[in-house]
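Here's the structure we're looking at; comments come further down.
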Amino acid sequence: MAKKSTEVSHTDEVLSQAFSSPLAQNAKFKQELQEVEKYYQYFDGFDVNNLDSDYGQTWKINVDGLDYVPTREIRNYIKQLVRKQSRFMMGTSPELTFNAIQSGQEEAAENKRILFESILEQNKFWSKAANALVDATVGKRVLMTVIANEGEPIDVRFYPMPQFTYIVDPRNTSRLLSVDIVYQDERTKGMKTEAQLWHHYRYEMKSGPGDSGIEEALENKEEQCWLTYALTDGESNQIYVAKDGSTTIKKVDAKLVTIEDNMGNPIEVPLAVTESAPTGLSQIPCRVILNEPLTNDIYGSSDVKDLITIADNHNRTISDLRDALKFKMFEQPVIIDASSASLKGMKIAPNAVVDLKSDPSSNVGGTGGKQAQVTNISGSFNFLPATQYYLDEAKRAMYELMDQPLPEKVQSAPSGIAMQFLFYDLMSRCDSKWVEWDSAVQWLVSMLEEVLAKVNVTTEELPENILNSYATLTTLSIEHKYPLPSDEVAARQVAISEVQNNVRSHQSYIEEFSKKEKADKEWQRILEEQADLDEVSGGALPNLVNELTQEPTLEEEQDGYPKPKEADEEGTKSTSEGQREFTKIQSEM
């Protein structure tokens, strides 16, 4: 195990706790935990403060026998590439569309979309999912859990690999038989082992309180999900035990536990514990999301694994290059056959004058005296091209392994189409990951439907027709949104031409380029305006022209209507004015 970093790191803290948790008693889990620990440490990068640390991408520096400290320069491309992939895949929340199965249920399906998006938004689901994607990319898998307590809002949580274990049905690896979630109480972190508190939740499918769960599942007995909660200390000793061993929800008074608050003050915390109870759900409200799984794979894989060797070699090469430059970039002055007095009086400074005299002893014995000389020894940099070639190739290899284009290529892309071509491999990679995440979102929707039907949870204040729309039979479509530049003006023009050629509906155009909630209202306004125009062009306008050109009747004169001009020229003038008014109205249409 690598030496622990002296820097504060969330992932390092989670991993350190995992080795002390009850889950680590399983030898297979502990072995995999050591593997995942290495991936997380490489993702974290390095410890810049401790020369003796070999944490993550750093290596131990031995300064014995050296008159300088060797360079240890780390360029953490691993974290950069993993986070860039996560931002590209989930930086923009995907769009969920609920399609009604039965005709006439379109409005109910739209209400269902509003309800479920409200629940997801209340949970900040897509923000949590983006962080969970990073954990899955590094730690091979994550667990998504739906927590639904009566009288409380629905809570959707994610857990990284070090905090959970699970058992799957051997006949169907996508079906969970049991899930264990273990994590340390935040209030007892850093305390002595006997004073620590560990929360242990176990979900399992079983037919009754005395069943073990797995055997009954294999025998196809009618089952439901049971939840068992236990609170243990740091040595896995259960602190609270039910008094009568019953399986109904029973709250047991706990002893007072002394802990410290965030200011270091001792406080006593009373705790009540629920031992075991049926949830009433037909399935375990958990979903394991694997990263890049194979057929019937239950572990997943880490994207960091393939980057470790290249990252190590890149960091060591660039550190050696800096040391080489440091020693070879300075010229070394050399003085030959100069007197000691000249050497003592020599001053190396800009525009300094050197009184260089030859050493008199060089003329002893009658031989010809030697002339003092000054020269410089400089290093050769003929290794730079080869070193730079390797560094460029190593960087390119890491980007290729993550199917990402190099930044310099993106900056020189001439158009949006060229940009999409550069990101084609990354889009394909994310689409492959979306297969697993789409399945998880589909499961989440079905789980929420069951929770809303069986558990009296609290929801956001919405109209009654929206709150009851969860029972509507629908299919779910998920549209992924990648942050690539696109020509919206051209897209609108193409969409308009499709509408004009009757290969696309007006309402689909409105839904794509405006908010879905306002699509029906916008379409209704268009129909109303079109009806008004038809009325003007078909009936109201000719009636207006007739009124302007028609002679008044005798009854109209008696009712006070203005009398017509008797002169022919006045009548002609009145008619021509009406025609001009009609022409003016037509021109304005």
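In the structure tokens, the first chain shown is A, the next is B, and so on; residue numbers restart at 1 for each chain, and ligands run from 1 in the order shown.
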
So that each row is one residue of range 397-472 of chain A with an atom at most 10 Å from range 118-122 of chain A, can you give its shortest atom pair and the distance in Å to one decimal, using only C-alpha atoms, rows by chain and rising number, as a Markdown table?
| residue | atom | partner | partner_atom | distance |
| --- | --- | --- | --- | --- |
| A:Leu448 | CA | A:Ile119 | CA | 9.2 |
| A:Thr459 | CA | A:Ile119 | CA | 7.5 |
| A:Glu460 | CA | A:Ser118 | CA | 7.4 |
| A:Glu461 | CA | A:Ser118 | CA | 10.0 |
| A:Leu462 | CA | A:Ser118 | CA | 9.3 |

May I have the residues within 6 Å of Asn376 in chain A as a list in words, using only C-alpha atoms and disregarding those fewer than 5 positions away in the same chain?
Gln332, Pro333 and Val334 of chain A

Taking the chain letters and numbering used in this document, name the residues of range 410-494 of chain A that DSSP puts in helix (DSSP H, G or I), as a ChimeraX atom specification.
/A:410-411,416-422,424-454,464-467,469-471,488-494

For those residues, write N, CA and C atoms to a file as a compact mmCIF listing (two decimals), in the first residue's frame.
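Heads up, here's the output in part_6.txt:
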# COMPACT_ATOMS: atom_id res chain seq x y z
N VAL A 410 -8.39 21.11 -31.78
CA VAL A 410 -9.70 21.72 -31.58
C VAL A 410 -9.64 23.21 -31.88
N GLN A 411 -8.57 23.87 -31.45
CA GLN A 411 -8.44 25.31 -31.67
C GLN A 411 -8.32 25.67 -33.14
N GLY A 416 -17.91 24.22 -37.52
CA GLY A 416 -18.62 23.38 -36.56
C GLY A 416 -18.67 21.93 -37.00
N ILE A 417 -18.76 21.68 -38.32
CA ILE A 417 -18.78 20.30 -38.82
C ILE A 417 -17.44 19.63 -38.55
N ALA A 418 -16.35 20.38 -38.78
CA ALA A 418 -15.03 19.83 -38.49
C ALA A 418 -14.86 19.54 -37.01
N MET A 419 -15.46 20.41 -36.17
CA MET A 419 -15.39 20.21 -34.72
C MET A 419 -16.11 18.92 -34.34
N GLN A 420 -17.27 18.67 -34.92
CA GLN A 420 -18.01 17.45 -34.62
C GLN A 420 -17.25 16.22 -35.10
N PHE A 421 -16.53 16.36 -36.22
CA PHE A 421 -15.72 15.24 -36.70
C PHE A 421 -14.59 14.93 -35.72
N LEU A 422 -13.96 15.98 -35.14
CA LEU A 422 -12.89 15.77 -34.18
C LEU A 422 -13.39 15.07 -32.92
N TYR A 424 -15.88 12.97 -32.76
CA TYR A 424 -16.70 11.79 -33.10
C TYR A 424 -16.36 10.61 -32.20
N ASP A 425 -15.06 10.34 -32.00
CA ASP A 425 -14.66 9.20 -31.16
C ASP A 425 -15.13 9.38 -29.72
N LEU A 426 -15.03 10.60 -29.21
CA LEU A 426 -15.47 10.85 -27.83
C LEU A 426 -16.98 10.69 -27.72
N MET A 427 -17.72 11.14 -28.73
CA MET A 427 -19.17 10.96 -28.72
C MET A 427 -19.52 9.47 -28.74
N SER A 428 -18.79 8.70 -29.54
CA SER A 428 -19.05 7.25 -29.58
C SER A 428 -18.74 6.62 -28.23
N ARG A 429 -17.66 7.07 -27.60
CA ARG A 429 -17.30 6.53 -26.29
C ARG A 429 -18.38 6.85 -25.26
N CYS A 430 -18.87 8.10 -25.27
CA CYS A 430 -19.91 8.49 -24.33
C CYS A 430 -21.22 7.77 -24.63
N ASP A 431 -21.53 7.57 -25.90
CA ASP A 431 -22.73 6.81 -26.25
C ASP A 431 -22.65 5.39 -25.70
N SER A 432 -21.45 4.81 -25.72
CA SER A 432 -21.27 3.48 -25.15
C SER A 432 -21.51 3.49 -23.64
N LYS A 433 -21.03 4.52 -22.97
CA LYS A 433 -21.27 4.63 -21.52
C LYS A 433 -22.75 4.93 -21.24
N TRP A 434 -23.39 5.67 -22.13
CA TRP A 434 -24.81 6.00 -21.93
C TRP A 434 -25.69 4.75 -21.98
N VAL A 435 -25.23 3.68 -22.63
CA VAL A 435 -26.04 2.45 -22.65
C VAL A 435 -26.32 2.00 -21.22
N GLU A 436 -25.28 2.03 -20.38
CA GLU A 436 -25.44 1.62 -18.98
C GLU A 436 -26.22 2.67 -18.19
N TRP A 437 -25.93 3.95 -18.43
CA TRP A 437 -26.60 5.01 -17.68
C TRP A 437 -28.05 5.17 -18.11
N ASP A 438 -28.35 5.00 -19.40
CA ASP A 438 -29.74 5.04 -19.86
C ASP A 438 -30.57 3.95 -19.19
N SER A 439 -29.99 2.76 -19.10
CA SER A 439 -30.68 1.66 -18.44
C SER A 439 -30.94 2.00 -16.97
N ALA A 440 -29.96 2.66 -16.32
CA ALA A 440 -30.13 3.04 -14.92
C ALA A 440 -31.22 4.10 -14.76
N VAL A 441 -31.30 5.05 -15.69
CA VAL A 441 -32.34 6.08 -15.62
C VAL A 441 -33.71 5.47 -15.87
N GLN A 442 -33.79 4.52 -16.82
CA GLN A 442 -35.05 3.81 -17.05
C GLN A 442 -35.50 3.09 -15.78
N TRP A 443 -34.54 2.43 -15.12
CA TRP A 443 -34.87 1.75 -13.86
C TRP A 443 -35.32 2.75 -12.81
N LEU A 444 -34.65 3.90 -12.73
CA LEU A 444 -35.00 4.92 -11.74
C LEU A 444 -36.44 5.38 -11.92
N VAL A 445 -36.86 5.56 -13.16
CA VAL A 445 -38.24 5.99 -13.43
C VAL A 445 -39.22 4.94 -12.95
N SER A 446 -38.96 3.67 -13.24
CA SER A 446 -39.87 2.61 -12.79
C SER A 446 -39.87 2.49 -11.27
N MET A 447 -38.70 2.73 -10.64
CA MET A 447 -38.62 2.68 -9.18
C MET A 447 -39.42 3.83 -8.57
N LEU A 448 -39.33 5.01 -9.15
CA LEU A 448 -40.10 6.15 -8.65
C LEU A 448 -41.60 5.93 -8.83
N GLU A 449 -41.98 5.29 -9.91
CA GLU A 449 -43.40 4.98 -10.10
C GLU A 449 -43.91 4.09 -8.97
N GLU A 450 -43.13 3.08 -8.60
CA GLU A 450 -43.55 2.18 -7.52
C GLU A 450 -43.56 2.89 -6.18
N VAL A 451 -42.57 3.74 -5.94
CA VAL A 451 -42.51 4.48 -4.67
C VAL A 451 -43.71 5.42 -4.54
N LEU A 452 -44.04 6.14 -5.60
CA LEU A 452 -45.18 7.06 -5.55
C LEU A 452 -46.50 6.32 -5.35
N ALA A 453 -46.56 5.08 -5.82
CA ALA A 453 -47.80 4.30 -5.67
C ALA A 453 -47.92 3.67 -4.29
N LYS A 454 -46.79 3.32 -3.64
CA LYS A 454 -46.85 2.54 -2.42
C LYS A 454 -46.45 3.31 -1.16
N GLU A 464 -52.98 18.74 -8.92
CA GLU A 464 -53.37 17.36 -8.64
C GLU A 464 -53.22 16.47 -9.87
N ASN A 465 -53.54 17.00 -11.05
CA ASN A 465 -53.44 16.17 -12.25
C ASN A 465 -51.98 15.80 -12.56
N ILE A 466 -51.04 16.65 -12.17
CA ILE A 466 -49.62 16.33 -12.36
C ILE A 466 -49.15 15.32 -11.33
N LEU A 467 -49.56 15.48 -10.08
CA LEU A 467 -49.14 14.57 -9.02
C LEU A 467 -49.65 13.15 -9.25
N SER A 469 -50.16 11.77 -12.23
CA SER A 469 -49.84 11.31 -13.59
C SER A 469 -48.79 10.21 -13.61
N TYR A 470 -48.21 9.85 -12.45
CA TYR A 470 -47.15 8.83 -12.44
C TYR A 470 -47.67 7.48 -12.90
N ALA A 471 -48.97 7.23 -12.78
CA ALA A 471 -49.54 5.93 -13.16
C ALA A 471 -49.79 5.81 -14.66
N GLU A 488 -27.54 27.09 -35.22
CA GLU A 488 -28.96 27.06 -34.90
C GLU A 488 -29.80 27.71 -36.00
N VAL A 489 -29.22 28.76 -36.64
CA VAL A 489 -29.97 29.43 -37.71
C VAL A 489 -30.23 28.46 -38.85
N ALA A 490 -29.18 27.72 -39.25
CA ALA A 490 -29.35 26.74 -40.32
C ALA A 490 -30.32 25.64 -39.91
N ALA A 491 -30.26 25.22 -38.64
CA ALA A 491 -31.17 24.17 -38.16
C ALA A 491 -32.61 24.66 -38.21
N ARG A 492 -32.83 25.93 -37.85
CA ARG A 492 -34.19 26.48 -37.91
C ARG A 492 -34.69 26.55 -39.35
N GLN A 493 -33.82 26.93 -40.28
CA GLN A 493 -34.24 27.03 -41.68
C GLN A 493 -34.62 25.66 -42.23
N VAL A 494 -33.82 24.65 -41.89
CA VAL A 494 -34.14 23.30 -42.34
C VAL A 494 -35.47 22.84 -41.73

List every residue of range 107-156 of chain A that DSSP, applied to the backbone, labels as strand (DSSP E or B), and write the result as a ChimeraX atom specification.
/A:141-147,153,155-156

I need the residues from that last selection saved to file as a PDB file, in the first residue's frame (with all heavy atoms), if you can.
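So the final result, stored in part16.pdb, reads:
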ATOM      1  N   ARG A 141     -17.290   1.347 -10.654  1.00  0.00           N
ATOM      2  CA  ARG A 141     -18.747   1.278 -10.522  1.00  0.00           C
ATOM      3  C   ARG A 141     -19.223   2.212  -9.412  1.00  0.00           C
ATOM      4  O   ARG A 141     -18.439   2.625  -8.551  1.00  0.00           O
ATOM      5  CB  ARG A 141     -19.201  -0.152 -10.211  1.00  0.00           C
ATOM      6  CG  ARG A 141     -18.602  -0.743  -8.948  1.00  0.00           C
ATOM      7  CD  ARG A 141     -19.020  -2.194  -8.773  1.00  0.00           C
ATOM      8  NE  ARG A 141     -18.424  -2.830  -7.608  1.00  0.00           N
ATOM      9  CZ  ARG A 141     -17.264  -3.477  -7.611  1.00  0.00           C
ATOM     10  NH1 ARG A 141     -16.581  -3.555  -8.743  1.00  0.00           N
ATOM     11  NH2 ARG A 141     -16.786  -4.033  -6.516  1.00  0.00           N
ATOM     12  N   VAL A 142     -20.517   2.523  -9.456  1.00  0.00           N
ATOM     13  CA  VAL A 142     -21.169   3.287  -8.399  1.00  0.00           C
ATOM     14  C   VAL A 142     -22.531   2.647  -8.120  1.00  0.00           C
ATOM     15  O   VAL A 142     -23.028   1.849  -8.913  1.00  0.00           O
ATOM     16  CB  VAL A 142     -21.364   4.779  -8.774  1.00  0.00           C
ATOM     17  CG1 VAL A 142     -20.044   5.513  -8.852  1.00  0.00           C
ATOM     18  CG2 VAL A 142     -22.157   4.914 -10.067  1.00  0.00           C
ATOM     19  N   LEU A 143     -23.101   3.031  -6.986  1.00  0.00           N
ATOM     20  CA  LEU A 143     -24.429   2.522  -6.601  1.00  0.00           C
ATOM     21  C   LEU A 143     -25.399   3.690  -6.527  1.00  0.00           C
ATOM     22  O   LEU A 143     -25.130   4.692  -5.868  1.00  0.00           O
ATOM     23  CB  LEU A 143     -24.361   1.819  -5.250  1.00  0.00           C
ATOM     24  CG  LEU A 143     -25.675   1.224  -4.733  1.00  0.00           C
ATOM     25  CD1 LEU A 143     -26.035  -0.030  -5.534  1.00  0.00           C
ATOM     26  CD2 LEU A 143     -25.580   0.891  -3.246  1.00  0.00           C
ATOM     27  N   MET A 144     -26.524   3.576  -7.233  1.00  0.00           N
ATOM     28  CA  MET A 144     -27.595   4.571  -7.156  1.00  0.00           C
ATOM     29  C   MET A 144     -28.717   3.996  -6.295  1.00  0.00           C
ATOM     30  O   MET A 144     -29.189   2.882  -6.530  1.00  0.00           O
ATOM     31  CB  MET A 144     -28.118   4.914  -8.549  1.00  0.00           C
ATOM     32  CG  MET A 144     -29.241   5.938  -8.555  1.00  0.00           C
ATOM     33  SD  MET A 144     -29.664   6.518 -10.214  1.00  0.00           S
ATOM     34  CE  MET A 144     -30.222   4.993 -10.987  1.00  0.00           C
ATOM     35  N   THR A 145     -29.138   4.771  -5.297  1.00  0.00           N
ATOM     36  CA  THR A 145     -30.134   4.303  -4.336  1.00  0.00           C
ATOM     37  C   THR A 145     -31.280   5.298  -4.235  1.00  0.00           C
ATOM     38  O   THR A 145     -31.051   6.513  -4.209  1.00  0.00           O
ATOM     39  CB  THR A 145     -29.504   4.125  -2.939  1.00  0.00           C
ATOM     40  OG1 THR A 145     -28.389   3.245  -3.042  1.00  0.00           O
ATOM     41  CG2 THR A 145     -30.499   3.556  -1.957  1.00  0.00           C
ATOM     42  N   VAL A 146     -32.516   4.778  -4.171  1.00  0.00           N
ATOM     43  CA  VAL A 146     -33.705   5.596  -3.954  1.00  0.00           C
ATOM     44  C   VAL A 146     -34.146   5.401  -2.501  1.00  0.00           C
ATOM     45  O   VAL A 146     -34.472   4.281  -2.090  1.00  0.00           O
ATOM     46  CB  VAL A 146     -34.843   5.214  -4.916  1.00  0.00           C
ATOM     47  CG1 VAL A 146     -36.086   6.046  -4.624  1.00  0.00           C
ATOM     48  CG2 VAL A 146     -34.401   5.391  -6.363  1.00  0.00           C
ATOM     49  N   ILE A 147     -34.130   6.475  -1.735  1.00  0.00           N
ATOM     50  CA  ILE A 147     -34.534   6.433  -0.325  1.00  0.00           C
ATOM     51  C   ILE A 147     -35.883   7.122  -0.211  1.00  0.00           C
ATOM     52  O   ILE A 147     -36.001   8.324  -0.508  1.00  0.00           O
ATOM     53  CB  ILE A 147     -33.484   7.122   0.561  1.00  0.00           C
ATOM     54  CG1 ILE A 147     -32.136   6.407   0.411  1.00  0.00           C
ATOM     55  CG2 ILE A 147     -33.929   7.122   2.021  1.00  0.00           C
ATOM     56  CD1 ILE A 147     -31.015   7.074   1.138  1.00  0.00           C
ATOM     57  N   PRO A 153     -39.458  13.786   1.587  1.00  0.00           N
ATOM     58  CA  PRO A 153     -39.232  13.816   0.132  1.00  0.00           C
ATOM     59  C   PRO A 153     -38.386  12.629  -0.321  1.00  0.00           C
ATOM     60  O   PRO A 153     -37.632  12.046   0.465  1.00  0.00           O
ATOM     61  CB  PRO A 153     -38.491  15.140  -0.083  1.00  0.00           C
ATOM     62  CG  PRO A 153     -38.707  15.938   1.158  1.00  0.00           C
ATOM     63  CD  PRO A 153     -38.884  14.963   2.266  1.00  0.00           C
ATOM     64  N   ASP A 155     -35.351  10.799  -1.899  1.00  0.00           N
ATOM     65  CA  ASP A 155     -33.929  11.136  -1.947  1.00  0.00           C
ATOM     66  C   ASP A 155     -33.219  10.125  -2.838  1.00  0.00           C
ATOM     67  O   ASP A 155     -33.339   8.909  -2.640  1.00  0.00           O
ATOM     68  CB  ASP A 155     -33.335  11.118  -0.534  1.00  0.00           C
ATOM     69  CG  ASP A 155     -31.903  11.652  -0.507  1.00  0.00           C
ATOM     70  OD1 ASP A 155     -31.470  12.220  -1.521  1.00  0.00           O
ATOM     71  OD2 ASP A 155     -31.233  11.486   0.531  1.00  0.00           O
ATOM     72  N   VAL A 156     -32.497  10.622  -3.834  1.00  0.00           N
ATOM     73  CA  VAL A 156     -31.703   9.772  -4.725  1.00  0.00           C
ATOM     74  C   VAL A 156     -30.229  10.010  -4.402  1.00  0.00           C
ATOM     75  O   VAL A 156     -29.747  11.133  -4.506  1.00  0.00           O
ATOM     76  CB  VAL A 156     -31.986  10.072  -6.210  1.00  0.00           C
ATOM     77  CG1 VAL A 156     -31.176   9.128  -7.098  1.00  0.00           C
ATOM     78  CG2 VAL A 156     -33.477   9.926  -6.510  1.00  0.00           C
TER      79      VAL A 156
END

By how many Å are CA of Gln500 in chain A and CA of Ile526 in chain A apart?
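Atom-to-atom, CA of Gln500 in chain A and CA of Ile526 in chain A are spaced 14.9 Å apart.
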